[in-house]
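Peer 1: Following this message is one structure expressed as structure tokens.
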Amino acid sequence: MRTHIPVSLAGTEVWLLADKAVYWPEQKALLIADIHFGKAAAFRALGQPVPHGTTATNLARLDALLEAYPTERLYFLGDFLHAPESHAPTTLNALARWRNANPSLLITLIRGNHDLRAGDPPASLKINVVPEPLLIGPLALQHEPESHPSHVVLAGHIHPAFSLSGRGRQRLRLPCFCLDNDVLLLPAFGDFTGGWEIKALPGRRIFVVGDGGIWPLG
């Protein structure tokens, strides 16, 4: 089973990872979209009975990627915190412990729509927060998946998913990467985030992820 697939974008190679992230070897950079820290806490604050432990699970997955791929820079493509209620002490304390365990990692957040409402992460997390787009080499790092006039875009926001059809009425809905011309759409990294179903179109490249693997369609 493949754990990553290399893709060439404007002369640079990025790896699409089975755990819903992108690794950019040239920059020793890991790119994450839509982690939505504190989403469960925000729902619990509204009285909704949702699971505990999503922050710990997301951080453990992130640590596994940092261990597997030599990483100096970590980019969050928007929606780091889910809502104002995500500033709950349990969430922020978990993030602080994780940051203290990774002090040399350079972290940048490109603000997304949820970040505008939730507010920036605490300064103690030492995260550089910038508006979109962030231009690095031939790539534009964004939250919104809108084309850029001169750069290939990597973005999130949509939480793309694709449905596979089996025999009878069997259907399997999986997160996916979607590459349309000059825009690479990343799946939501965070647990408990949902997804928006995309369709196969001429010229569109879709890579579905699940059960620890990644594979292209078509």
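Residue names in the structure tokens use chain letters A, B, ... in the order shown, residue numbers from 1 in each chain, and ligand numbers from 1 in the order shown.
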Please report as JSON lines every residue of segment 57-162 of chain A lying within 9 Å of segment 192-213 of chain A, along with the nearest atom pair and their distance in Å (one decimal), using only C-alpha atoms.
Peer 2:
{"residue": "A:Ile158", "atom": "CA", "partner": "A:Trp196", "partner_atom": "CA", "distance": 6.2}
{"residue": "A:His159", "atom": "CA", "partner": "A:Gly195", "partner_atom": "CA", "distance": 4.7}
{"residue": "A:Pro160", "atom": "CA", "partner": "A:Trp196", "partner_atom": "CA", "distance": 5.0}
{"residue": "A:Ala161", "atom": "CA", "partner": "A:Glu197", "partner_atom": "CA", "distance": 4.7}
{"residue": "A:Phe162", "atom": "CA", "partner": "A:Glu197", "partner_atom": "CA", "distance": 5.4}
Peer 1: Go ahead and write the residues just picked, N, CA, C and O atoms, as a PDB file, in the first residue's frame.
Peer 2:
ATOM      1  N   ILE A 158     -12.554  23.334   1.517  1.00  0.00           N
ATOM      2  CA  ILE A 158     -13.677  22.564   0.969  1.00  0.00           C
ATOM      3  C   ILE A 158     -13.866  21.237   1.693  1.00  0.00           C
ATOM      4  O   ILE A 158     -14.974  20.695   1.721  1.00  0.00           O
ATOM      5  N   HIS A 159     -12.819  20.669   2.279  1.00  0.00           N
ATOM      6  CA  HIS A 159     -12.862  19.334   2.883  1.00  0.00           C
ATOM      7  C   HIS A 159     -13.316  18.298   1.846  1.00  0.00           C
ATOM      8  O   HIS A 159     -14.309  17.600   2.024  1.00  0.00           O
ATOM      9  N   PRO A 160     -12.588  18.161   0.730  1.00  0.00           N
ATOM     10  CA  PRO A 160     -13.068  17.313  -0.373  1.00  0.00           C
ATOM     11  C   PRO A 160     -13.150  15.840  -0.006  1.00  0.00           C
ATOM     12  O   PRO A 160     -12.323  15.311   0.741  1.00  0.00           O
ATOM     13  N   ALA A 161     -14.160  15.185  -0.551  1.00  0.00           N
ATOM     14  CA  ALA A 161     -14.354  13.740  -0.398  1.00  0.00           C
ATOM     15  C   ALA A 161     -14.902  13.194  -1.700  1.00  0.00           C
ATOM     16  O   ALA A 161     -15.504  13.925  -2.500  1.00  0.00           O
ATOM     17  N   PHE A 162     -14.692  11.895  -1.905  1.00  0.00           N
ATOM     18  CA  PHE A 162     -15.145  11.256  -3.145  1.00  0.00           C
ATOM     19  C   PHE A 162     -15.834   9.948  -2.798  1.00  0.00           C
ATOM     20  O   PHE A 162     -15.366   9.200  -1.936  1.00  0.00           O
TER      21      PHE A 162
END
Peer 1: Can you list, as JSON, numbers by chain, every protein, DNA or RNA residue that comes within 9 Å of Thr108 of chain A when you count only C-alpha atoms, leaving out same-chain residues fewer than 3 positions away?
Peer 2: {"A": [73, 74, 75, 76, 77, 126, 127, 128, 129, 130]}
Peer 1: Point out the residue among A:Phe37, A:Phe177, A:Tyr23, A:Trp15 with the least atom-to-atom distance to Thr91 of chain A, counting only C-alpha atoms.
Peer 2: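 Between A:Phe37, A:Phe177, A:Tyr23, A:Trp15, the residue approaching Thr91 of chain A most closely is A:Phe37.
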Peer 1: When you count only C-alpha atoms, which of these residues is closest to Asn58 of chain A: A:Cys178, A:Ala188, A:Leu141, A:Val153?
Peer 2: A:Ala188
Peer 1: At most 9 Å is the cut-off: for each residue in segment 86-116 of chain A with any atom that close to an atom of segment 131-136 of chain A, write down the nearest atom pair and the distance in Å rounded to one decimal, counting only C-alpha atoms, chain first then increasing number, as CSV.
Peer 2:
residue,atom,partner,partner_atom,distance
A:Leu109,CA,A:Pro131,CA,8.4
A:Ile110,CA,A:Pro131,CA,5.5
A:Arg111,CA,A:Pro131,CA,5.4
A:Gly112,CA,A:Glu132,CA,8.2
Peer 1: In Å to one decimal, how far is atom CA of Ile214 of chain A from atom CA of Arg2 of chain A?
Peer 2: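 Computing the Euclidean distance for atom CA of Arg2 of chain A and atom CA of Ile214 of chain A yields 5.8 Å.
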Peer 1: What are the DSSP alpha helix (DSSP H) residues of chain A, as a ChimeraX atom specification?
Peer 2: /A:39-45,54-68,89-101,113-118
Peer 1: Just the residues within 6 Å of His82 of chain A, please, counting only C-alpha atoms, with nothing from its chain fewer than 6 positions along; format it as a list in words.
Peer 2: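 Listing them by chain and then by number gives His36, Phe37, Gly38, Lys39 and His114 of chain A.
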Peer 1: Would you put the residues from that selection into a file with N, CA, C and O atoms, as a short mmCIF file (atom, residue, chain, number, x, y, z; two decimals), in the first residue's frame?
Peer 2:
data_model
loop_
_atom_site.label_atom_id
_atom_site.label_comp_id
_atom_site.auth_asym_id
_atom_site.auth_seq_id
_atom_site.Cartn_x
_atom_site.Cartn_y
_atom_site.Cartn_z
N HIS A 36 -8.79 22.33 12.48
CA HIS A 36 -9.96 22.66 13.33
C HIS A 36 -9.77 22.21 14.78
O HIS A 36 -10.62 21.53 15.35
N PHE A 37 -8.65 22.62 15.38
CA PHE A 37 -8.46 22.32 16.79
C PHE A 37 -9.62 22.91 17.60
O PHE A 37 -10.07 24.03 17.36
N GLY A 38 -10.09 22.15 18.58
CA GLY A 38 -11.12 22.64 19.47
C GLY A 38 -12.52 22.61 18.91
O GLY A 38 -13.43 23.21 19.50
N LYS A 39 -12.74 21.91 17.81
CA LYS A 39 -14.10 21.86 17.27
C LYS A 39 -15.04 21.11 18.22
O LYS A 39 -16.16 21.55 18.47
N HIS A 114 -12.50 30.31 9.51
CA HIS A 114 -12.72 30.00 10.91
C HIS A 114 -11.73 30.74 11.81
O HIS A 114 -12.07 31.10 12.95
#
Peer 1: Counting only C-alpha atoms, what is within 12 Å of Ala96 of chain A, bar same-chain residues fewer than 2 positions away, as a list in words?
Peer 2: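 Surrounding residues, per the criterion: Thr55, Ala56, Leu59, His87, Pro89, Thr90, Thr91, Leu92, Asn93, Ala94, Trp98, Arg99, Asn100, Ala101, Asn102, Pro103, Pro121, Pro122, Ala123, Ser124, Leu125, Lys126 and Ile127 of chain A.
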Peer 1: Write a file of the just-selected residues containing C-alpha atoms, as a CSV table (one decimal), in the first residue's frame.
Peer 2:
chain,number,residue,atom,x,y,z
A,55,THR,CA,-7.2,17.3,19.8
A,56,ALA,CA,-4.9,14.5,21.2
A,59,LEU,CA,-1.6,15.9,17.6
A,87,HIS,CA,-9.8,28.6,23.3
A,89,PRO,CA,-8.1,25.5,28.6
A,90,THR,CA,-7.9,21.8,27.8
A,91,THR,CA,-7.4,22.5,24.1
A,92,LEU,CA,-4.8,25.3,24.6
A,93,ASN,CA,-2.9,23.3,27.3
A,94,ALA,CA,-2.6,20.4,24.9
A,98,TRP,CA,2.9,19.9,21.9
A,99,ARG,CA,4.6,23.2,21.0
A,100,ASN,CA,7.0,22.9,23.9
A,101,ALA,CA,8.0,19.4,22.6
A,102,ASN,CA,8.7,20.9,19.2
A,103,PRO,CA,10.5,24.2,19.9
A,121,PRO,CA,-3.7,31.3,18.4
A,122,PRO,CA,-2.0,32.4,21.6
A,123,ALA,CA,1.3,34.2,21.1
A,124,SER,CA,2.9,31.6,23.4
A,125,LEU,CA,2.5,29.0,20.6
A,126,LYS,CA,5.0,31.1,18.5
A,127,ILE,CA,3.0,30.7,15.3
Peer 1: Can you check which residues of segment 2-214 of chain A DSSP gives as strand (DSSP E) on the backbone and send them as number ranges by chain?
Peer 2: A: 4-9, 12-17, 21-24, 29-32, 73-76, 106-110, 127-130, 134-136, 139-141, 152-155, 160-165, 171-180, 183-185, 196-197, 205-210, 213-214
Peer 1: Would you mind listing what lies within 12 Å of Pro70 of chain A as a ChimeraX atom specification, with only C-alpha atoms counted and same-chain residues fewer than 4 positions away left out?
Peer 2: /A:23-30,63-66,74,105
Peer 1: In Å, rounded to a single decimal, give me how far atom CA of Phe189 of chain A is from atom CA of Pro84 of chain A.
Peer 2: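 According to the coordinates, atom CA of Pro84 of chain A and atom CA of Phe189 of chain A are separated by 19.9 Å.
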Peer 1: Can you tell me how far atom CA of Pro145 of chain A sits from atom CA of Leu16 of chain A, in Å to one decimal?
Peer 2: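 Pair atom CA of Pro145 of chain A / atom CA of Leu16 of chain A returns 16.9 Å.
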